[in-house]
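The file coords13.pdb comes next; it holds PDB, C-alpha atoms, pLDDT in the B column.
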ATOM      1  CA  MET A  50      99.008  81.666  76.101  1.00 42.00           C
ATOM      2  CA  ALA A  51      95.927  83.803  76.493  1.00 42.00           C
ATOM      3  CA  LEU A  52      94.740  85.887  73.570  1.00 45.00           C
ATOM      4  CA  THR A  53      96.374  89.286  73.293  1.00 51.00           C
ATOM      5  CA  ALA A  54      93.976  91.918  74.630  1.00 64.00           C
ATOM      6  CA  CYS A  55      93.983  95.690  74.475  1.00 74.00           C
ATOM      7  CA  THR A  56      92.093  97.079  77.427  1.00 83.00           C
ATOM      8  CA  SER A  57      91.953 100.050  79.792  1.00 84.00           C
ATOM      9  CA  SER A  58      93.215 100.352  83.348  1.00 87.00           C
ATOM     10  CA  PRO A  59      90.970 101.520  86.218  1.00 88.00           C
ATOM     11  CA  THR A  60      92.059 105.105  85.524  1.00 84.00           C
ATOM     12  CA  GLY A  61      91.429 104.837  81.776  1.00 87.00           C
ATOM     13  CA  ARG A  62      95.021 104.290  80.677  1.00 89.00           C
ATOM     14  CA  SER A  63      95.479 101.984  77.664  1.00 86.00           C
ATOM     15  CA  GLN A  64      96.985  98.590  78.462  1.00 88.00           C
ATOM     16  CA  LEU A  65      98.133  95.516  76.574  1.00 84.00           C
ATOM     17  CA  LEU A  66      97.515  92.309  78.565  1.00 89.00           C
ATOM     18  CA  MET A  67      98.688  89.062  76.977  1.00 83.00           C
ATOM     19  CA  PHE A  68      98.253  86.650  79.885  1.00 84.00           C
ATOM     20  CA  SER A  69      95.186  85.237  81.591  1.00 87.00           C
ATOM     21  CA  SER A  70      94.353  86.053  85.217  1.00 90.00           C
ATOM     22  CA  GLN A  71      94.817  82.374  86.064  1.00 90.00           C
ATOM     23  CA  ASP A  72      98.334  82.351  84.596  1.00 86.00           C
ATOM     24  CA  MET A  73      99.282  85.479  86.516  1.00 89.00           C
ATOM     25  CA  ALA A  74      97.799  84.101  89.742  1.00 92.00           C
ATOM     26  CA  GLN A  75      99.851  80.945  89.308  1.00 89.00           C
ATOM     27  CA  LEU A  76     103.029  82.936  88.720  1.00 87.00           C
ATOM     28  CA  GLY A  77     102.295  85.119  91.756  1.00 90.00           C
ATOM     29  CA  ALA A  78     101.697  82.066  93.955  1.00 90.00           C
ATOM     30  CA  GLN A  79     104.932  80.427  92.789  1.00 87.00           C
ATOM     31  CA  SER A  80     106.957  83.542  93.528  1.00 87.00           C
ATOM     32  CA  PHE A  81     105.282  84.012  96.915  1.00 92.00           C
ATOM     33  CA  ASP A  82     105.964  80.392  97.913  1.00 91.00           C
ATOM     34  CA  GLN A  83     109.610  80.861  96.942  1.00 87.00           C
ATOM     35  CA  MET A  84     109.867  84.015  99.060  1.00 89.00           C
ATOM     36  CA  LYS A  85     108.342  82.264 102.066  1.00 94.00           C
ATOM     37  CA  GLN A  86     111.054  79.635 101.778  1.00 92.00           C
ATOM     38  CA  GLU A  87     113.910  82.117 101.445  1.00 89.00           C
ATOM     39  CA  GLU A  88     112.833  85.030 103.660  1.00 92.00           C
ATOM     40  CA  LYS A  89     112.460  84.998 107.439  1.00 96.00           C
ATOM     41  CA  ILE A  90     108.789  85.112 108.417  1.00 98.00           C
ATOM     42  CA  SER A  91     107.847  87.090 111.517  1.00 98.00           C
ATOM     43  CA  ARG A  92     106.377  85.051 114.371  1.00 97.00           C
ATOM     44  CA  ASP A  93     105.422  88.093 116.424  1.00 98.00           C
ATOM     45  CA  ARG A  94     101.706  87.587 117.046  1.00 98.00           C
ATOM     46  CA  LYS A  95     100.948  91.224 117.769  1.00 98.00           C
ATOM     47  CA  ILE A  96     102.663  92.503 114.625  1.00 98.00           C
ATOM     48  CA  ASN A  97     101.018  89.817 112.502  1.00 98.00           C
ATOM     49  CA  ALA A  98      97.586  90.606 113.943  1.00 98.00           C
ATOM     50  CA  TYR A  99      98.112  94.323 113.320  1.00 98.00           C
ATOM     51  CA  VAL A 100      99.205  93.935 109.698  1.00 98.00           C
ATOM     52  CA  GLN A 101      96.448  91.381 109.036  1.00 98.00           C
ATOM     53  CA  CYS A 102      93.855  93.750 110.506  1.00 98.00           C
ATOM     54  CA  VAL A 103      94.902  96.629 108.255  1.00 98.00           C
ATOM     55  CA  ALA A 104      95.133  94.392 105.193  1.00 98.00           C
ATOM     56  CA  ASP A 105      91.688  92.871 105.867  1.00 98.00           C
ATOM     57  CA  SER A 106      90.127  96.300 106.283  1.00 98.00           C
ATOM     58  CA  ILE A 107      91.420  97.256 102.820  1.00 98.00           C
ATOM     59  CA  THR A 108      90.767  94.006 100.935  1.00 98.00           C
ATOM     60  CA  ARG A 109      87.135  93.839 102.011  1.00 96.00           C
ATOM     61  CA  HIS A 110      86.594  96.920  99.865  1.00 96.00           C
ATOM     62  CA  VAL A 111      88.157  95.261  96.827  1.00 96.00           C
ATOM     63  CA  GLY A 112      85.623  93.594  94.584  1.00 91.00           C
ATOM     64  CA  PRO A 113      86.057  90.045  93.264  1.00 92.00           C
ATOM     65  CA  LEU A 114      89.168  89.670  91.137  1.00 94.00           C
ATOM     66  CA  PRO A 115      89.707  86.838  88.638  1.00 91.00           C
ATOM     67  CA  GLY A 116      92.220  84.109  89.389  1.00 90.00           C
ATOM     68  CA  PHE A 117      91.775  83.790  93.162  1.00 93.00           C
ATOM     69  CA  THR A 118      89.201  84.003  95.949  1.00 91.00           C
ATOM     70  CA  GLU A 119      91.176  84.817  99.117  1.00 95.00           C
ATOM     71  CA  TRP A 120      94.009  87.169 100.070  1.00 98.00           C
ATOM     72  CA  GLU A 121      97.035  85.799 101.905  1.00 98.00           C
ATOM     73  CA  VAL A 122      99.116  88.117 104.094  1.00 98.00           C
ATOM     74  CA  VAL A 123     102.631  87.324 105.335  1.00 98.00           C
ATOM     75  CA  VAL A 124     104.868  89.544 107.482  1.00 98.00           C
ATOM     76  CA  PHE A 125     108.584  89.151 106.756  1.00 97.00           C
ATOM     77  CA  ASP A 126     111.040  89.838 109.579  1.00 98.00           C
ATOM     78  CA  SER A 127     113.435  92.212 107.862  1.00 94.00           C
ATOM     79  CA  ASP A 128     114.733  95.766 108.115  1.00 92.00           C
ATOM     80  CA  GLN A 129     113.646  96.403 104.524  1.00 89.00           C
ATOM     81  CA  VAL A 130     111.240  99.326 104.197  1.00 88.00           C
ATOM     82  CA  ASN A 131     109.017  97.521 101.746  1.00 88.00           C
ATOM     83  CA  ALA A 132     105.741  95.784 100.968  1.00 92.00           C
ATOM     84  CA  PHE A 133     104.222  94.195  97.891  1.00 92.00           C
ATOM     85  CA  ALA A 134     101.120  92.519  96.511  1.00 95.00           C
ATOM     86  CA  LEU A 135     101.156  89.875  93.798  1.00 93.00           C
ATOM     87  CA  PRO A 136      98.616  88.485  91.362  1.00 93.00           C
ATOM     88  CA  GLY A 137      96.698  85.708  93.057  1.00 95.00           C
ATOM     89  CA  GLY A 138      96.046  87.767  96.192  1.00 97.00           C
ATOM     90  CA  LYS A 139      99.451  87.531  97.902  1.00 97.00           C
ATOM     91  CA  ILE A 140     100.509  90.397 100.205  1.00 97.00           C
ATOM     92  CA  GLY A 141     103.924  90.713 101.834  1.00 96.00           C
ATOM     93  CA  VAL A 142     104.891  93.329 104.419  1.00 96.00           C
ATOM     94  CA  TYR A 143     108.395  93.761 105.844  1.00 95.00           C
ATOM     95  CA  THR A 144     108.688  94.721 109.508  1.00 97.00           C
ATOM     96  CA  GLY A 145     111.084  97.537 108.564  1.00 94.00           C
ATOM     97  CA  LEU A 146     108.173  99.310 106.897  1.00 94.00           C
ATOM     98  CA  LEU A 147     106.508  99.777 110.293  1.00 96.00           C
ATOM     99  CA  ASP A 148     109.279 102.187 111.296  1.00 93.00           C
ATOM    100  CA  VAL A 149     108.230 104.493 108.440  1.00 92.00           C
ATOM    101  CA  ALA A 150     104.500 103.758 108.187  1.00 96.00           C
ATOM    102  CA  GLN A 151     103.993 104.875 111.750  1.00 95.00           C
ATOM    103  CA  THR A 152     100.191 104.718 112.001  1.00 97.00           C
ATOM    104  CA  PRO A 153      97.478 102.291 110.808  1.00 98.00           C
ATOM    105  CA  ASP A 154      96.422 104.920 108.249  1.00 98.00           C
ATOM    106  CA  GLN A 155      99.935 105.113 106.827  1.00 97.00           C
ATOM    107  CA  LEU A 156     100.224 101.326 106.677  1.00 98.00           C
ATOM    108  CA  ALA A 157      96.838 101.243 104.946  1.00 98.00           C
ATOM    109  CA  SER A 158      98.213 103.698 102.402  1.00 96.00           C
ATOM    110  CA  VAL A 159     101.075 101.351 101.519  1.00 95.00           C
ATOM    111  CA  ILE A 160      98.930  98.220 101.405  1.00 97.00           C
ATOM    112  CA  GLY A 161      96.266 100.009  99.366  1.00 97.00           C
ATOM    113  CA  HIS A 162      98.930 101.156  96.918  1.00 94.00           C
ATOM    114  CA  GLU A 163     100.339  97.649  96.511  1.00 94.00           C
ATOM    115  CA  ILE A 164      96.872  96.164  96.035  1.00 97.00           C
ATOM    116  CA  GLY A 165      96.361  98.840  93.384  1.00 96.00           C
ATOM    117  CA  HIS A 166      99.053  97.127  91.314  1.00 94.00           C
ATOM    118  CA  VAL A 167      97.047  93.897  91.445  1.00 95.00           C
ATOM    119  CA  ILE A 168      93.717  95.552  90.641  1.00 96.00           C
ATOM    120  CA  ALA A 169      95.227  97.354  87.647  1.00 95.00           C
ATOM    121  CA  GLU A 170      97.048  94.187  86.488  1.00 94.00           C
ATOM    122  CA  HIS A 171     100.383  95.960  86.319  1.00 91.00           C
ATOM    123  CA  SER A 172     102.358  92.700  86.490  1.00 88.00           C
ATOM    124  CA  ASN A 173     100.469  91.362  83.483  1.00 88.00           C
ATOM    125  CA  GLU A 174     101.139  94.605  81.651  1.00 88.00           C
ATOM    126  CA  ARG A 175     104.825  94.519  82.567  1.00 83.00           C
ATOM    127  CA  LEU A 176     105.158  90.909  81.504  1.00 80.00           C
ATOM    128  CA  SER A 177     103.298  91.532  78.248  1.00 81.00           C
ATOM    129  CA  ARG A 178     105.699  94.325  77.331  1.00 77.00           C
ATOM    130  CA  SER A 179     108.643  92.038  78.053  1.00 70.00           C
ATOM    131  CA  GLN A 180     107.035  89.383  75.867  1.00 69.00           C
ATOM    132  CA  LEU A 181     106.746  91.790  72.955  1.00 68.00           C
ATOM    133  CA  ALA A 182     110.389  92.782  73.439  1.00 61.00           C
ATOM    134  CA  GLY A 183     111.415  89.123  73.285  1.00 59.00           C
ATOM    135  CA  ALA A 184     112.481  89.042  76.937  1.00 49.00           C
ATOM    136  CA  GLY A 185     109.404  87.292  78.239  1.00 47.00           C
ATOM    137  CA  MET A 186     109.504  83.980  76.366  1.00 49.00           C
ATOM    138  CA  GLN A 187     110.771  82.049  79.373  1.00 54.00           C
ATOM    139  CA  ILE A 188     108.209  83.664  81.669  1.00 53.00           C
ATOM    140  CA  ALA A 189     105.426  82.821  79.229  1.00 51.00           C
ATOM    141  CA  SER A 190     106.363  79.188  79.515  1.00 53.00           C
ATOM    142  CA  ILE A 191     106.475  79.407  83.336  1.00 52.00           C
ATOM    143  CA  ALA A 192     103.082  81.047  83.485  1.00 51.00           C
ATOM    144  CA  ILE A 193     101.444  78.177  81.615  1.00 46.00           C
ATOM    145  CA  GLY A 194     103.331  75.519  83.557  1.00 52.00           C
ATOM    146  CA  GLY A 195     105.725  74.496  80.804  1.00 50.00           C
ATOM    147  CA  SER A 196     109.015  75.191  82.607  1.00 50.00           C
ATOM    148  CA  ASP A 197     110.659  74.830  85.978  1.00 52.00           C
ATOM    149  CA  TYR A 198     109.990  78.050  87.890  1.00 49.00           C
ATOM    150  CA  SER A 199     113.264  77.834  89.814  1.00 53.00           C
ATOM    151  CA  GLN A 200     115.282  78.205  86.605  1.00 50.00           C
ATOM    152  CA  TYR A 201     113.857  81.663  85.969  1.00 52.00           C
ATOM    153  CA  GLN A 202     113.122  82.859  89.501  1.00 59.00           C
ATOM    154  CA  ASP A 203     114.918  86.218  89.208  1.00 60.00           C
ATOM    155  CA  ILE A 204     113.225  87.072  85.912  1.00 57.00           C
ATOM    156  CA  ALA A 205     109.826  86.030  87.241  1.00 60.00           C
ATOM    157  CA  MET A 206     110.121  88.135  90.383  1.00 63.00           C
ATOM    158  CA  ALA A 207     111.346  91.146  88.438  1.00 62.00           C
ATOM    159  CA  SER A 208     108.371  90.857  86.090  1.00 60.00           C
ATOM    160  CA  LEU A 209     106.064  90.809  89.105  1.00 66.00           C
ATOM    161  CA  GLY A 210     107.562  94.033  90.407  1.00 65.00           C
ATOM    162  CA  LEU A 211     109.901  92.400  92.912  1.00 66.00           C
ATOM    163  CA  GLY A 212     113.144  92.969  90.998  1.00 53.00           C
ATOM    164  CA  VAL A 213     114.998  96.133  91.892  1.00 43.00           C
ATOM    165  CA  GLN A 214     118.263  95.933  89.936  1.00 36.00           C
ATOM    166  CA  PHE A 215     118.620  99.034  87.791  1.00 30.00           C
ATOM    167  CA  GLY A 216     119.156  98.166  84.149  1.00 34.00           C
ATOM    168  CA  VAL A 217     117.801  94.615  84.363  1.00 35.00           C
ATOM    169  CA  LEU A 218     114.017  94.655  84.697  1.00 40.00           C
ATOM    170  CA  MET A 219     112.651  97.668  86.532  1.00 47.00           C
ATOM    171  CA  PRO A 220     109.724  96.999  88.886  1.00 59.00           C
ATOM    172  CA  TYR A 221     106.961  99.305  87.629  1.00 76.00           C
ATOM    173  CA  GLY A 222     106.805 102.398  85.442  1.00 79.00           C
ATOM    174  CA  ARG A 223     106.014 105.870  86.718  1.00 82.00           C
ATOM    175  CA  ALA A 224     102.525 105.788  85.212  1.00 87.00           C
ATOM    176  CA  GLN A 225     101.808 102.516  86.993  1.00 90.00           C
ATOM    177  CA  GLU A 226     103.138 103.819  90.306  1.00 88.00           C
ATOM    178  CA  SER A 227     101.027 106.982  90.038  1.00 90.00           C
ATOM    179  CA  GLU A 228      97.992 104.907  89.116  1.00 94.00           C
ATOM    180  CA  SER A 229      98.467 102.705  92.183  1.00 93.00           C
ATOM    181  CA  ASP A 230      98.754 105.811  94.342  1.00 92.00           C
ATOM    182  CA  ILE A 231      95.318 106.904  93.121  1.00 94.00           C
ATOM    183  CA  ILE A 232      93.757 103.476  93.634  1.00 96.00           C
ATOM    184  CA  GLY A 233      95.411 103.216  97.038  1.00 96.00           C
ATOM    185  CA  VAL A 234      94.004 106.454  98.447  1.00 96.00           C
ATOM    186  CA  GLN A 235      90.577 105.553  97.063  1.00 96.00           C
ATOM    187  CA  LEU A 236      90.710 102.203  98.845  1.00 97.00           C
ATOM    188  CA  MET A 237      91.920 103.598 102.160  1.00 97.00           C
ATOM    189  CA  ASN A 238      89.236 106.281 102.003  1.00 97.00           C
ATOM    190  CA  GLN A 239      86.550 103.642 101.397  1.00 97.00           C
ATOM    191  CA  ALA A 240      87.895 101.639 104.336  1.00 98.00           C
ATOM    192  CA  GLY A 241      87.562 104.600 106.711  1.00 97.00           C
ATOM    193  CA  TYR A 242      91.204 105.651 106.926  1.00 98.00           C
ATOM    194  CA  ASP A 243      92.365 109.244 106.577  1.00 97.00           C
ATOM    195  CA  PRO A 244      93.750 109.573 103.020  1.00 96.00           C
ATOM    196  CA  ARG A 245      95.767 112.623 104.106  1.00 95.00           C
ATOM    197  CA  GLU A 246      98.008 110.214 106.003  1.00 95.00           C
ATOM    198  CA  SER A 247      99.277 108.960 102.632  1.00 92.00           C
ATOM    199  CA  ILE A 248     100.979 112.338 102.289  1.00 91.00           C
ATOM    200  CA  ASN A 249     102.498 112.095 105.758  1.00 91.00           C
ATOM    201  CA  LEU A 250     103.769 108.661 104.805  1.00 89.00           C
ATOM    202  CA  TRP A 251     105.667 110.071 101.842  1.00 82.00           C
ATOM    203  CA  TYR A 252     107.112 112.843 103.984  1.00 84.00           C
ATOM    204  CA  ASN A 253     108.416 110.028 106.194  1.00 86.00           C
ATOM    205  CA  MET A 254     109.738 108.235 103.122  1.00 81.00           C
ATOM    206  CA  ALA A 255     111.464 111.397 101.919  1.00 75.00           C
ATOM    207  CA  GLN A 256     113.246 111.725 105.249  1.00 81.00           C
ATOM    208  CA  GLN A 257     114.192 108.045 105.196  1.00 79.00           C
ATOM    209  CA  SER A 258     115.714 108.125 101.679  1.00 70.00           C
ATOM    210  CA  LYS A 259     117.560 111.438 101.444  1.00 67.00           C
ATOM    211  CA  GLY A 260     119.829 109.992  98.800  1.00 55.00           C
ATOM    212  CA  GLN A 261     117.022 109.254  96.333  1.00 58.00           C
ATOM    213  CA  PRO A 262     118.169 109.692  92.713  1.00 48.00           C
ATOM    214  CA  PRO A 263     116.555 112.308  90.451  1.00 45.00           C
ATOM    215  CA  GLU A 264     113.090 111.422  89.173  1.00 47.00           C
ATOM    216  CA  PHE A 265     114.205 110.775  85.593  1.00 40.00           C
ATOM    217  CA  MET A 266     116.488 107.952  86.821  1.00 42.00           C
ATOM    218  CA  SER A 267     113.723 106.077  88.597  1.00 53.00           C
ATOM    219  CA  THR A 268     110.437 104.450  87.704  1.00 54.00           C
ATOM    220  CA  HIS A 269     109.003 105.865  90.901  1.00 59.00           C
ATOM    221  CA  PRO A 270     107.849 109.493  90.829  1.00 64.00           C
ATOM    222  CA  SER A 271     109.912 111.742  93.057  1.00 67.00           C
ATOM    223  CA  HIS A 272     108.567 112.242  96.562  1.00 67.00           C
ATOM    224  CA  ASP A 273     107.566 115.843  95.750  1.00 77.00           C
ATOM    225  CA  THR A 274     105.698 114.754  92.629  1.00 81.00           C
ATOM    226  CA  ARG A 275     104.031 111.923  94.482  1.00 79.00           C
ATOM    227  CA  ILE A 276     102.880 114.184  97.298  1.00 81.00           C
ATOM    228  CA  ALA A 277     101.495 116.782  94.877  1.00 86.00           C
ATOM    229  CA  ASP A 278      99.574 114.130  92.935  1.00 87.00           C
ATOM    230  CA  LEU A 279      98.151 112.651  96.130  1.00 88.00           C
ATOM    231  CA  GLN A 280      97.039 116.066  97.356  1.00 91.00           C
ATOM    232  CA  SER A 281      95.201 116.632  94.086  1.00 92.00           C
ATOM    233  CA  GLU A 282      93.448 113.241  94.241  1.00 92.00           C
ATOM    234  CA  ILE A 283      92.446 113.621  97.889  1.00 94.00           C
ATOM    235  CA  THR A 284      90.491 116.810  97.140  1.00 93.00           C
ATOM    236  CA  ARG A 285      88.260 114.761  94.823  1.00 94.00           C
ATOM    237  CA  LEU A 286      87.486 111.946  97.239  1.00 95.00           C
ATOM    238  CA  PRO A 287      83.949 111.648  98.653  1.00 94.00           C
ATOM    239  CA  VAL A 288      83.364 111.536 102.402  1.00 91.00           C
ATOM    240  CA  SER A 289      83.693 107.905 103.519  1.00 91.00           C
ATOM    241  CA  SER A 290      80.728 106.207 105.169  1.00 88.00           C
ATOM    242  CA  SER A 291      82.980 103.617 106.863  1.00 91.00           C
ATOM    243  CA  ALA A 292      84.060 103.840 110.482  1.00 94.00           C
ATOM    244  CA  THR A 293      87.804 103.960 111.129  1.00 94.00           C
ATOM    245  CA  PRO A 294      89.034 100.355 111.504  1.00 97.00           C
ATOM    246  CA  ASN A 295      90.145  99.415 114.997  1.00 97.00           C
ATOM    247  CA  CYS A 296      93.625  98.164 114.105  1.00 98.00           C
ATOM    248  CA  ARG A 297      96.009  98.866 116.956  1.00 96.00           C
ATOM    249  CA  ARG A 298      99.684  99.249 116.315  1.00 96.00           C
ATOM    250  CA  PRO A 299     101.676  97.100 118.821  1.00 93.00           C
TER     251      PRO A 299
END

What would you get if you wrote out this structure as structure tokens?
Amino acid sequence: MALTACTSSPTGRSQLLMFSSQDMAQLGAQSFDQMKQEEKISRDRKINAYVQCVADSITRHVGPLPGFTEWEVVVFDSDQVNAFALPGGKIGVYTGLLDVAQTPDQLASVIGHEIGHVIAEHSNERLSRSQLAGAGMQIASIAIGGSDYSQYQDIAMASLGLGVQFGVLMPYGRAQESESDIIGVQLMNQAGYDPRESINLWYNMAQQSKGQPPEFMSTHPSHDTRIADLQSEITRLPVSSSATPNCRRP
């Protein structure tokens, strides 16, 4: 196991990271490979080209990250309104998201947000907290190659932010979600997208999930809180020097 390290996130928040970037990249790759085996992958060339275009336009503004050299993007054919990014440069987008993220700018907002989790090492932070609580011993062994990943697949995916069962292992905390929102709008602004579309995206999300539980019951900030925080961050963004990427929605 890597040495325990106290560090700061990109927004200056204190973090405890107990795993190396290489360990986290390995865990991310294992989980991603498992998902590609279990989930239906979209073979629609136009949709794949569109999602890849938006993802590429964002990732080229991400500096080198330890543990991997290239990003891999996979589109899953599912009605789920979801996307994710894992340590090791793995990005997954569900086709159902395209019904809510209705423009390239809005899709860039989601992908930028998910990449924000990777940049800020939120999975490492989540896993480190579980380790301190005694719940991460099995994952620690997986991360360094000492156990069969398949035995602990659900725990591993939950630690990476892929688990959604309330009361088991929550994906990310509110502070981490808000931090990724900030990183996401910064990235999309650098890439030449309109950061104001991130707000329109969350209006769409609010309409899609009218039954959302109160904010205190969720790790995600409420839609109203999220929109207010995004509006505040957008006013501080510099004017981008990048041209708007030519990613055409099919």

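Counting all atoms listed in the file, Asn173 of chain A has the following residues at most 8 Å away, ignoring those fewer than 6 positions along the same chain: Leu66, Met67, Phe68, Met73 and Leu209 of chain A.
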
Since I can't run it myself right now, could you work out what the PyMOL selection byres ((chain A and resi 168) around 9) selects here and report it as an MDAnalysis selection string? chainID A and resid 58:59 111 114 136 164:167 169:171 229 232

Please produce an output containing C-alpha atoms for each residue in the selection, written as a PDB file, keeping the file's coordinate frame.
ATOM      1  CA  SER A  58      93.215 100.352  83.348  1.00 87.00           C
ATOM      2  CA  PRO A  59      90.970 101.520  86.218  1.00 88.00           C
ATOM      3  CA  VAL A 111      88.157  95.261  96.827  1.00 96.00           C
ATOM      4  CA  LEU A 114      89.168  89.670  91.137  1.00 94.00           C
ATOM      5  CA  PRO A 136      98.616  88.485  91.362  1.00 93.00           C
ATOM      6  CA  ILE A 164      96.872  96.164  96.035  1.00 97.00           C
ATOM      7  CA  GLY A 165      96.361  98.840  93.384  1.00 96.00           C
ATOM      8  CA  HIS A 166      99.053  97.127  91.314  1.00 94.00           C
ATOM      9  CA  VAL A 167      97.047  93.897  91.445  1.00 95.00           C
ATOM     10  CA  ALA A 169      95.227  97.354  87.647  1.00 95.00           C
ATOM     11  CA  GLU A 170      97.048  94.187  86.488  1.00 94.00           C
ATOM     12  CA  HIS A 171     100.383  95.960  86.319  1.00 91.00           C
ATOM     13  CA  SER A 229      98.467 102.705  92.183  1.00 93.00           C
ATOM     14  CA  ILE A 232      93.757 103.476  93.634  1.00 96.00           C
TER      15      ILE A 232
END

What's around Thr108 of chain A at 12 Å? Count all atoms listed in the file, leave out sequence neighbours fewer than 2 positions away in its own chain, and write the answer as number ranges by chain. A: 101-106, 110-114, 118-122, 134, 138-140, 157, 160-165, 167-168, 233, 236-237, 239-240

Determine, counting all atoms listed in the file, which protein, DNA and RNA residues have an atom within 9 Å of an atom of Gln280 of chain A; residues of the same chain fewer than 4 positions away are not included. Present the result as number ranges by chain. A: 245, 248, 275-276, 284

Atom CA of Asp126 of chain A and atom CA of Lys89 of chain A, how far apart in Å? 5.5 Å

Mind giving me the straight-line distance from atom CA of Leu135 of chain A to atom CA of Gly116 of chain A in Å, one decimal? 11.5 Å

I would like the residues chosen by the PyMOL selection byres ((chain A and resi 155) around 10) on the shown file; could you give them as a ChimeraX atom specification? /A:103,147,149-154,156-161,237,242-251,253

Could you please determine the separation between atom CA of Asn238 of chain A and atom CA of Ala292 of chain A in Å, to one decimal place?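 About the pair atom CA of Asn238 of chain A and atom CA of Ala292 of chain A: they are 10.2 Å apart.
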
Selected by the PyMOL selection byres ((chain A and resi 298) around 9) in the shown coordinates: which residues, as a VMD selection string? chain A and resid 95 to 96 99 to 100 151 to 153 296 to 297 299

Please identify all polymer residues within 10 Å of Arg62 of chain A, counting only C-alpha atoms, omitting same-chain residues fewer than 2 positions from it, and present them as JSON, numbers by chain. {"A": [56, 57, 58, 59, 60, 64, 169, 224, 225, 228]}

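Remark: for Lys85 of chain A, the closest of the candidate residues A:Val123, A:Val234, A:Val142, A:Leu176 is A:Val123 (distances computed over only C-alpha atoms).
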
Near Gly137 of chain A, counting only C-alpha atoms, which residues have an atom at most 7 Å away, once you skip same-chain residues fewer than 5 positions from it, shown as an MDAnalysis selection string? chainID A and resid 74:75 77:78 116:117

Any chance you could export the current selection's C-alpha atoms as a short mmCIF file (atom, residue, chain, number, x, y, z; two decimals), keeping the file's coordinate frame?
data_model
loop_
_atom_site.label_atom_id
_atom_site.label_comp_id
_atom_site.auth_asym_id
_atom_site.auth_seq_id
_atom_site.Cartn_x
_atom_site.Cartn_y
_atom_site.Cartn_z
CA ALA A 74 97.80 84.10 89.74
CA GLN A 75 99.85 80.94 89.31
CA GLY A 77 102.30 85.12 91.76
CA ALA A 78 101.70 82.07 93.96
CA GLY A 116 92.22 84.11 89.39
CA PHE A 117 91.78 83.79 93.16
#

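Taking only C-alpha atoms into account, Phe125 of chain A lies nearest to A:Ile90 out of the set A:Cys55, A:Ile90, A:Ala98, A:Ile107.
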